[in-house]
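Heads up, run09.csv below (CSV, C-alpha atoms):
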```csv
chain,number,residue,atom,x,y,z
A,1,MET,CA,-47.1,-25.6,34.8
A,2,SER,CA,-48.6,-22.4,33.3
A,3,PHE,CA,-52.3,-22.0,32.6
A,4,GLY,CA,-51.6,-22.3,28.9
A,5,SER,CA,-49.8,-25.6,29.4
A,6,TRP,CA,-52.7,-27.0,31.4
A,7,ILE,CA,-55.1,-26.1,28.6
A,8,GLU,CA,-52.9,-27.8,26.1
A,9,LEU,CA,-52.6,-30.9,28.2
A,10,LEU,CA,-56.3,-31.2,28.8
A,11,THR,CA,-57.2,-30.4,25.2
A,12,SER,CA,-54.7,-33.1,24.1
A,13,GLY,CA,-56.5,-35.6,26.3
A,14,LEU,CA,-59.9,-34.6,25.0
A,15,ILE,CA,-58.7,-34.9,21.4
A,16,THR,CA,-57.6,-38.5,22.0
A,17,GLY,CA,-60.7,-39.2,24.1
A,18,GLY,CA,-62.9,-38.1,21.2
A,19,ILE,CA,-61.5,-40.8,19.0
A,20,TYR,CA,-61.8,-43.3,21.8
A,21,ALA,CA,-65.4,-42.4,22.2
A,22,LEU,CA,-66.1,-42.7,18.5
A,23,VAL,CA,-64.6,-46.2,18.3
A,24,ALA,CA,-66.3,-47.3,21.6
A,25,LEU,CA,-69.7,-46.1,20.3
A,26,GLY,CA,-69.6,-48.5,17.4
A,27,LEU,CA,-68.4,-51.5,19.5
A,28,ASN,CA,-71.0,-50.7,22.2
A,29,LEU,CA,-73.7,-50.6,19.6
A,30,GLN,CA,-72.7,-54.1,18.3
A,31,TYR,CA,-72.4,-55.7,21.8
A,32,GLY,CA,-75.3,-53.9,23.4
A,33,LEU,CA,-77.7,-54.7,20.7
A,34,MET,CA,-76.5,-58.1,19.3
A,35,ARG,CA,-74.1,-59.4,21.9
A,36,ILE,CA,-71.3,-59.5,19.3
A,37,LEU,CA,-68.0,-58.7,21.1
A,38,ASN,CA,-66.3,-57.6,17.9
A,39,ILE,CA,-62.6,-58.0,18.7
A,40,ALA,CA,-61.8,-57.1,15.1
A,41,HIS,CA,-63.4,-53.6,15.5
A,42,GLY,CA,-60.1,-51.8,15.6
A,43,GLU,CA,-58.9,-53.5,12.4
A,44,PHE,CA,-61.7,-51.8,10.5
A,45,LEU,CA,-60.6,-48.5,11.9
A,46,MET,CA,-57.3,-49.3,10.4
A,47,VAL,CA,-59.0,-50.1,7.0
A,48,GLY,CA,-60.7,-46.6,7.1
A,49,ALA,CA,-57.3,-45.0,7.8
A,50,TYR,CA,-55.5,-46.8,5.0
A,51,LEU,CA,-58.3,-46.0,2.5
A,52,THR,CA,-58.1,-42.3,3.4
A,53,TRP,CA,-54.3,-42.3,3.2
A,54,MET,CA,-54.3,-44.2,-0.2
A,55,VAL,CA,-56.8,-41.8,-1.8
A,56,GLN,CA,-55.1,-38.7,-0.5
A,57,VAL,CA,-51.5,-39.7,-1.6
A,58,THR,CA,-52.5,-41.2,-5.0
A,59,LEU,CA,-55.4,-38.9,-6.1
A,60,GLY,CA,-54.9,-35.9,-3.9
A,61,ILE,CA,-58.5,-36.0,-2.6
A,62,SER,CA,-59.0,-34.2,0.7
A,63,PRO,CA,-59.3,-36.5,3.7
A,64,LEU,CA,-62.4,-34.5,4.7
A,65,LEU,CA,-64.2,-35.9,1.7
A,66,MET,CA,-63.1,-39.4,2.6
A,67,VAL,CA,-64.7,-39.2,6.0
A,68,PRO,CA,-68.3,-39.9,4.7
A,69,VAL,CA,-66.9,-42.2,2.1
A,70,SER,CA,-65.1,-44.3,4.8
A,71,PHE,CA,-68.3,-44.4,6.8
A,72,ALA,CA,-70.3,-45.7,3.7
A,73,VAL,CA,-67.7,-48.2,2.6
A,74,LEU,CA,-67.2,-49.7,6.1
A,75,MET,CA,-71.0,-49.7,6.8
A,76,ALA,CA,-71.6,-51.6,3.6
A,77,LEU,CA,-68.7,-54.0,4.5
A,78,GLY,CA,-70.3,-54.5,8.0
A,79,ILE,CA,-73.6,-55.4,6.5
A,80,VAL,CA,-72.0,-58.0,4.3
A,81,ILE,CA,-69.9,-59.4,7.2
A,82,HIS,CA,-73.0,-59.7,9.4
A,83,PHE,CA,-74.9,-61.4,6.6
A,84,LEU,CA,-72.1,-63.9,5.9
A,85,CYS,CA,-71.0,-64.6,9.4
A,86,PHE,CA,-73.1,-63.5,12.4
A,87,ARG,CA,-76.5,-64.0,10.8
A,88,ARG,CA,-75.8,-67.7,10.3
A,89,LEU,CA,-74.4,-67.9,13.9
A,90,THR,CA,-77.6,-66.5,15.2
A,91,ALA,CA,-79.6,-69.2,13.4
A,92,THR,CA,-77.4,-72.1,14.4
A,93,SER,CA,-76.5,-71.2,18.0
A,94,PRO,CA,-78.9,-72.9,20.5
A,95,ASN,CA,-78.6,-70.1,23.1
A,96,LEU,CA,-77.1,-66.7,23.7
A,97,ASP,CA,-74.0,-67.9,25.6
A,98,ILE,CA,-72.9,-70.2,22.7
A,99,PHE,CA,-73.6,-67.4,20.2
A,100,GLU,CA,-71.4,-65.0,22.1
A,101,ALA,CA,-68.6,-67.6,22.3
A,102,ARG,CA,-68.8,-68.5,18.6
A,103,GLY,CA,-69.1,-64.8,17.7
A,104,LEU,CA,-65.9,-64.0,19.6
A,105,MET,CA,-64.0,-66.7,17.7
A,106,VAL,CA,-65.3,-65.4,14.4
A,107,ALA,CA,-64.2,-61.9,15.4
A,108,PHE,CA,-60.7,-63.2,16.2
A,109,GLY,CA,-60.6,-64.7,12.8
A,110,LEU,CA,-61.7,-61.5,11.2
A,111,MET,CA,-59.0,-59.6,13.1
A,112,PHE,CA,-56.1,-61.7,11.8
A,113,LEU,CA,-57.7,-61.8,8.3
A,114,VAL,CA,-57.9,-58.0,8.0
A,115,GLN,CA,-54.5,-57.4,9.6
A,116,ASN,CA,-52.8,-59.8,7.1
A,117,PHE,CA,-54.7,-58.5,4.1
A,118,VAL,CA,-53.7,-54.8,4.8
A,119,ASN,CA,-50.1,-55.9,5.5
A,120,TRP,CA,-50.1,-57.8,2.2
A,121,VAL,CA,-51.6,-54.9,0.1
A,122,TRP,CA,-49.8,-51.9,1.7
A,123,GLY,CA,-46.9,-53.4,3.6
A,124,GLY,CA,-46.0,-53.0,7.2
A,125,ASP,CA,-44.3,-49.6,7.1
A,126,LEU,CA,-45.6,-46.5,8.8
A,127,ARG,CA,-47.7,-44.3,6.5
A,128,GLY,CA,-48.8,-40.7,6.8
A,129,TYR,CA,-49.3,-37.4,5.0
A,130,ASP,CA,-49.4,-33.7,6.0
A,131,TYR,CA,-52.8,-32.2,6.2
A,132,PHE,CA,-53.8,-28.9,7.9
A,133,THR,CA,-50.8,-28.9,10.2
A,134,GLU,CA,-50.7,-25.1,10.8
A,135,PRO,CA,-50.6,-24.1,14.5
A,136,VAL,CA,-53.7,-22.5,16.1
A,137,LYS,CA,-53.3,-20.2,19.1
A,138,PHE,CA,-55.8,-19.6,21.8
A,139,GLY,CA,-54.3,-17.2,24.2
A,140,ALA,CA,-51.2,-18.8,25.7
A,141,ALA,CA,-52.1,-22.2,24.3
A,142,GLN,CA,-51.2,-23.6,20.9
A,143,PHE,CA,-52.6,-26.6,19.1
A,144,ALA,CA,-52.2,-28.3,15.7
A,145,ALA,CA,-55.2,-27.4,13.5
A,146,ASN,CA,-55.6,-31.0,12.2
A,147,LYS,CA,-56.0,-32.4,15.8
A,148,LEU,CA,-58.6,-29.8,16.6
A,149,LEU,CA,-60.4,-30.7,13.4
A,150,VAL,CA,-60.2,-34.4,14.4
A,151,PHE,CA,-61.7,-33.6,17.8
A,152,VAL,CA,-64.6,-31.5,16.4
A,153,LEU,CA,-65.5,-34.1,13.8
A,154,ALA,CA,-65.3,-37.0,16.3
A,155,LEU,CA,-67.7,-35.2,18.7
A,156,ALA,CA,-70.0,-34.3,15.8
A,157,PHE,CA,-70.3,-38.0,14.7
A,158,ALA,CA,-70.6,-39.2,18.3
A,159,GLY,CA,-73.3,-36.6,19.0
A,160,GLY,CA,-75.1,-37.5,15.8
A,161,MET,CA,-75.1,-41.2,16.7
A,162,ILE,CA,-76.5,-40.5,20.2
A,163,ALA,CA,-79.1,-38.1,18.7
A,164,LEU,CA,-80.1,-40.8,16.2
A,165,LEU,CA,-80.7,-43.3,19.0
A,166,ARG,CA,-82.6,-40.9,21.2
A,167,MET,CA,-84.7,-38.9,18.8
A,168,THR,CA,-85.7,-41.2,15.9
A,169,LEU,CA,-88.1,-44.1,15.6
A,170,LEU,CA,-85.1,-46.3,14.4
A,171,GLY,CA,-83.3,-45.3,17.6
A,172,LYS,CA,-86.2,-46.2,19.8
A,173,GLY,CA,-86.3,-49.6,18.2
A,174,VAL,CA,-82.6,-50.2,18.9
A,175,ARG,CA,-83.0,-49.1,22.5
A,176,ALA,CA,-86.0,-51.3,22.9
A,177,LEU,CA,-84.0,-54.3,21.6
A,178,MET,CA,-81.1,-53.4,24.0
A,179,GLN,CA,-83.4,-53.3,27.0
A,180,SER,CA,-85.6,-56.3,26.2
A,181,PRO,CA,-84.9,-58.3,23.0
A,182,VAL,CA,-87.9,-60.7,23.5
A,183,GLY,CA,-90.3,-57.9,24.4
A,184,ALA,CA,-89.2,-55.7,21.4
A,185,GLN,CA,-89.6,-58.6,19.0
A,186,LEU,CA,-93.1,-59.3,20.4
A,187,MET,CA,-93.9,-55.7,19.6
A,188,GLY,CA,-93.0,-56.3,16.0
A,189,ILE,CA,-89.5,-54.9,15.8
A,190,ASN,CA,-87.7,-56.5,12.9
A,191,THR,CA,-84.3,-57.8,14.1
A,192,ARG,CA,-83.4,-59.3,10.7
A,193,LEU,CA,-83.3,-55.7,9.4
A,194,LEU,CA,-82.0,-53.8,12.5
A,195,HIS,CA,-79.1,-56.2,13.4
A,196,PRO,CA,-77.2,-56.0,10.1
A,197,LEU,CA,-77.9,-52.2,9.8
A,198,MET,CA,-76.6,-51.5,13.3
A,199,PHE,CA,-73.6,-53.7,12.8
A,200,GLY,CA,-72.8,-51.9,9.6
A,201,ILE,CA,-73.2,-48.5,11.3
A,202,GLY,CA,-70.9,-49.6,14.1
A,203,LEU,CA,-68.2,-50.5,11.5
A,204,GLY,CA,-69.0,-47.2,9.7
A,205,LEU,CA,-68.1,-45.3,12.9
A,206,SER,CA,-64.8,-47.2,13.1
A,207,GLY,CA,-64.1,-46.2,9.5
A,208,VAL,CA,-64.7,-42.5,10.4
A,209,ALA,CA,-62.4,-42.8,13.3
A,210,GLY,CA,-59.7,-44.3,11.1
A,211,ALA,CA,-60.1,-41.5,8.5
A,212,LEU,CA,-59.8,-38.9,11.2
A,213,LEU,CA,-56.8,-40.5,12.8
A,214,SER,CA,-55.0,-40.6,9.4
A,215,MET,CA,-55.2,-36.8,9.3
A,216,ALA,CA,-53.0,-36.2,12.3
A,217,TYR,CA,-51.1,-39.4,13.1
A,218,THR,CA,-49.1,-42.1,11.3
A,219,ILE,CA,-50.8,-45.4,10.6
A,220,SER,CA,-49.7,-49.0,10.4
A,221,PRO,CA,-51.3,-52.5,10.1
A,222,SER,CA,-50.9,-53.0,13.9
A,223,MET,CA,-52.7,-49.8,14.9
A,224,GLY,CA,-56.2,-51.3,15.3
A,225,GLU,CA,-55.7,-53.8,18.1
A,226,PRO,CA,-54.9,-51.1,20.8
A,227,TYR,CA,-58.0,-49.2,19.9
A,228,THR,CA,-60.2,-52.3,20.3
A,229,VAL,CA,-58.8,-52.8,23.8
A,230,THR,CA,-59.2,-49.1,24.6
A,231,ALA,CA,-62.8,-49.2,23.3
A,232,LEU,CA,-63.5,-52.1,25.7
A,233,ILE,CA,-62.1,-50.0,28.6
A,234,VAL,CA,-64.3,-47.1,27.6
A,235,ILE,CA,-67.4,-49.2,27.4
A,236,THR,CA,-66.7,-50.5,30.9
A,237,LEU,CA,-66.3,-46.9,32.1
A,238,GLY,CA,-69.5,-45.7,30.5
A,239,GLY,CA,-71.6,-48.9,31.0
A,240,PHE,CA,-72.4,-51.6,28.5
A,241,GLY,CA,-75.2,-50.4,26.2
A,242,SER,CA,-74.9,-46.7,27.2
A,243,MET,CA,-74.1,-44.5,24.2
A,244,ALA,CA,-73.8,-41.3,26.3
A,245,GLY,CA,-71.7,-43.2,28.8
A,246,ALA,CA,-69.3,-44.3,26.0
A,247,LEU,CA,-68.9,-40.7,24.9
A,248,ALA,CA,-68.2,-39.5,28.5
A,249,GLY,CA,-66.0,-42.5,29.2
A,250,GLY,CA,-63.9,-41.9,26.1
A,251,LEU,CA,-63.3,-38.3,27.0
A,252,LEU,CA,-62.5,-39.1,30.6
A,253,LEU,CA,-60.0,-41.8,29.7
A,254,GLY,CA,-58.3,-39.5,27.2
A,255,VAL,CA,-57.8,-36.8,29.9
A,256,VAL,CA,-56.7,-39.4,32.5
A,257,GLU,CA,-54.1,-40.8,30.1
A,258,ALA,CA,-52.8,-37.3,29.1
A,259,ILE,CA,-52.4,-36.1,32.7
A,260,GLY,CA,-51.0,-39.5,33.9
A,261,MET,CA,-48.4,-39.6,31.1
A,262,HIS,CA,-47.4,-36.0,31.7
A,263,PHE,CA,-46.6,-36.6,35.4
A,264,THR,CA,-45.2,-40.1,35.0
A,265,ASN,CA,-43.9,-41.5,31.7
A,266,PRO,CA,-45.5,-41.8,28.2
A,267,SER,CA,-44.5,-45.5,28.2
A,268,LEU,CA,-46.9,-46.1,31.1
A,269,LYS,CA,-50.0,-45.2,29.0
A,270,ALA,CA,-51.2,-48.8,28.8
A,271,LEU,CA,-50.6,-49.3,32.6
A,272,LEU,CA,-52.7,-46.2,33.4
A,273,SER,CA,-55.6,-47.4,31.1
A,274,TYR,CA,-55.6,-50.9,32.6
A,275,THR,CA,-55.4,-49.5,36.2
A,276,VAL,CA,-58.6,-47.5,35.5
A,277,PHE,CA,-60.2,-50.5,33.8
A,278,ILE,CA,-59.6,-52.8,36.8
A,279,ALA,CA,-60.6,-50.2,39.4
A,280,VAL,CA,-63.9,-49.6,37.7
A,281,LEU,CA,-64.6,-53.3,37.3
A,282,LEU,CA,-64.0,-53.9,41.0
A,283,LEU,CA,-65.6,-50.7,42.4
A,284,ARG,CA,-68.4,-49.9,39.9
A,285,PRO,CA,-68.9,-52.8,37.5
A,286,GLU,CA,-72.1,-51.3,36.0
A,287,GLY,CA,-70.1,-48.3,34.8
A,288,LEU,CA,-69.3,-44.8,36.1
A,289,PHE,CA,-72.2,-43.1,34.2
A,290,THR,CA,-74.9,-45.7,34.7
A,291,ARG,CA,-77.4,-45.3,37.5
A,292,LYS,CA,-77.7,-48.1,39.9
A,293,ALA,CA,-81.0,-49.9,39.9
A,294,ARG,CA,-83.1,-49.3,43.0
A,295,LYS,CA,-84.0,-52.3,45.1
A,296,ALA,CA,-87.7,-53.1,45.2
```
For this file, produce the structure as structure tokens.
Amino acid sequence: MSFGSWIELLTSGLITGGIYALVALGLNLQYGLMRILNIAHGEFLMVGAYLTWMVQVTLGISPLLMVPVSFAVLMALGIVIHFLCFRRLTATSPNLDIFEARGLMVAFGLMFLVQNFVNWVWGGDLRGYDYFTEPVKFGAAQFAANKLLVFVLALAFAGGMIALLRMTLLGKGVRALMQSPVGAQLMGINTRLLHPLMFGIGLGLSGVAGALLSMAYTISPSMGEPYTVTALIVITLGGFGSMAGALAGGLLLGVVEAIGMHFTNPSLKALLSYTVFIAVLLLRPEGLFTRKARKA
């Protein structure tokens, strides 16, 4: 392989990994803060993709303008879903284990509900549109402009989310709840406000990922489920509750998949991902980017 081919291969992996990271950040936020393993997370990515596609083909509005709109719509939807479903589960579950189990069942229900709703409204055919498809050359390497744009925006949103959690008072409250829920509540942190807000932001990030994906790839009602599974793998790589780990894990998985598929077969993509997933669970269950706690 030439140097330009290697650059194209690695960049392709990073572009895919940027989307993985963005989806994983939202899911990691929900599970790390509220212990909600939202199996339906990828379905809301699919909703963001369909909303962007619909507005673009019917009204001619730029997909770039739909990125913040998708975030706002999915965030509002997430707040409503938390209020209708998970807030009640929190109040009625006697302990955390039962809450996690009930929350998982509710998420499964949401997954099938959203899938069937989208299939009913827009049908099961593949959808897509042409946007910013001109090739961009960097030396001997060549890339599609829309995919580069997707990568830049995915990194921007992921970086913005990490900065929000690290540099703001809101972020400090979220991190405190992740580290010690009881201690944070004793210090006066309002979980009734933070939980729905963060759940909504998590779904908002999935909406952004969907809007970005629609710019460069075809979409379908079944597209969400694989991204949920991939997000779980990324979270395992980066460490549960670690936002920076989710970003690094997403980029790493994208590169591993790109290189593995190039030297083996594209049909083995899932096999490569699950192999990495199982290896990390067995060898480094706390995540590749999480420091091991020192023994006292």
Exercise. Could you list as a list of chain:residue names every residue that has an atom within 9 Å of (-55.3, -40.1, 33.3), using the file's coordinates and counting only C-alpha atoms?
Worked result: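 The answer, in the requested form, is A:Gly13, A:Leu252, A:Leu253, A:Gly254, A:Val255, A:Val256, A:Glu257, A:Ala258, A:Ile259, A:Gly260, A:Met261, A:Lys269, A:Leu272, A:Ser273, A:Val276.
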Problem set entry | Nearest to Arg175 (chain A), chosen from A:Val150, A:Gly32, A:Leu10, A:Phe289, with only C-alpha atoms counted in the distances | A:Gly32
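Comparing A:Ala246, A:Val73, A:Ile61, A:Val55 by their smallest distance to Ser206 (chain A), the closest is A:Val73 (using all atoms listed in the file).
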Exercise. Do you have the CA of Met243 (chain A)-CA of Leu25 (chain A) distance handy?
Worked result: 6.1 Å
Tell me, counting only C-alpha atoms, for each residue of region 56-170 of chain A within 9 Å of region 207-222 of chain A, which pair of atoms is nearest and how far apart they are in Å to one decimal, in rows ordered by chain and increasing number, as CSV.
```
residue,atom,partner,partner_atom,distance
A:Pro63,CA,A:Met215,CA,6.9
A:Leu64,CA,A:Leu212,CA,8.3
A:Met66,CA,A:Ala211,CA,6.9
A:Val67,CA,A:Val208,CA,5.5
A:Pro68,CA,A:Val208,CA,7.2
A:Val69,CA,A:Val208,CA,8.6
A:Ser70,CA,A:Gly207,CA,5.2
A:Phe71,CA,A:Gly207,CA,5.3
A:Ala72,CA,A:Gly207,CA,8.5
A:Val73,CA,A:Gly207,CA,8.0
A:Leu74,CA,A:Gly207,CA,5.8
A:Met75,CA,A:Gly207,CA,8.2
A:Val114,CA,A:Pro221,CA,8.8
A:Gln115,CA,A:Pro221,CA,5.9
A:Asn116,CA,A:Pro221,CA,8.0
A:Val118,CA,A:Pro221,CA,6.3
A:Asn119,CA,A:Pro221,CA,5.8
A:Trp122,CA,A:Pro221,CA,8.6
A:Gly123,CA,A:Pro221,CA,7.9
A:Gly124,CA,A:Pro221,CA,6.1
A:Asp125,CA,A:Ser220,CA,6.4
A:Leu126,CA,A:Ser220,CA,5.1
A:Arg127,CA,A:Ile219,CA,5.3
A:Gly128,CA,A:Thr218,CA,4.7
A:Tyr129,CA,A:Met215,CA,7.3
A:Asp130,CA,A:Met215,CA,7.4
A:Tyr131,CA,A:Met215,CA,6.0
A:Phe132,CA,A:Met215,CA,8.1
A:Thr133,CA,A:Ala216,CA,7.9
A:Ala144,CA,A:Ala216,CA,8.6
A:Asn146,CA,A:Ala216,CA,5.8
A:Lys147,CA,A:Ala216,CA,6.0
A:Leu149,CA,A:Leu212,CA,8.5
A:Val150,CA,A:Leu212,CA,5.5
A:Phe151,CA,A:Leu212,CA,8.7
A:Leu153,CA,A:Leu212,CA,7.9
A:Ala154,CA,A:Ala209,CA,7.1
A:Phe157,CA,A:Val208,CA,8.4
```
Exercise. Suppose you want the space between CA of Gln56 (chain A) and CA of Gly204 (chain A); what is it in Å?
Worked result: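 Separating CA of Gln56 (chain A) from CA of Gly204 (chain A) is a distance of 19.2 Å.
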Problem set entry | Neighbours of point (-63.0, -41.0, 26.9) within 9 Å, using all atoms listed in the file, written as a PyMOL selection string | chain A and resi 13-14+16-21+24+231+234+237-238+246-256
Exercise. Hey, can you check how far CA of Thr275 (chain A) sits from CA of Trp6 (chain A)?
Worked result: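 Calculated distance between CA of Thr275 (chain A) and CA of Trp6 (chain A) is 23.2 Å.
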For this session: Pick out the residues sitting within 6 Å of Leu104 (chain A), and hand them over as an MDAnalysis selection string; count all atoms listed in the file, and ignore anything fewer than 3 positions along from it in its own chain.
Result: chainID A and resid 37 101 107
For this session: List the neighbours of region 164-173 of chain A out to 9 Å using only C-alpha atoms; skip same-chain residues closer than 3 positions along the sequence, and give me the result as an NGL selection string.
Result: :A and (159-161 or 176-178 or 184 or 189-190 or 194 or 243)
Exercise. So, counting all atoms listed in the file, which residue among A:Ala40, A:Ile278, A:Val57, A:Ala158 is closest to Leu113 (chain A)?
Worked result: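 Counting all atoms listed in the file, the residue closest to Leu113 (chain A) is A:Ala40.
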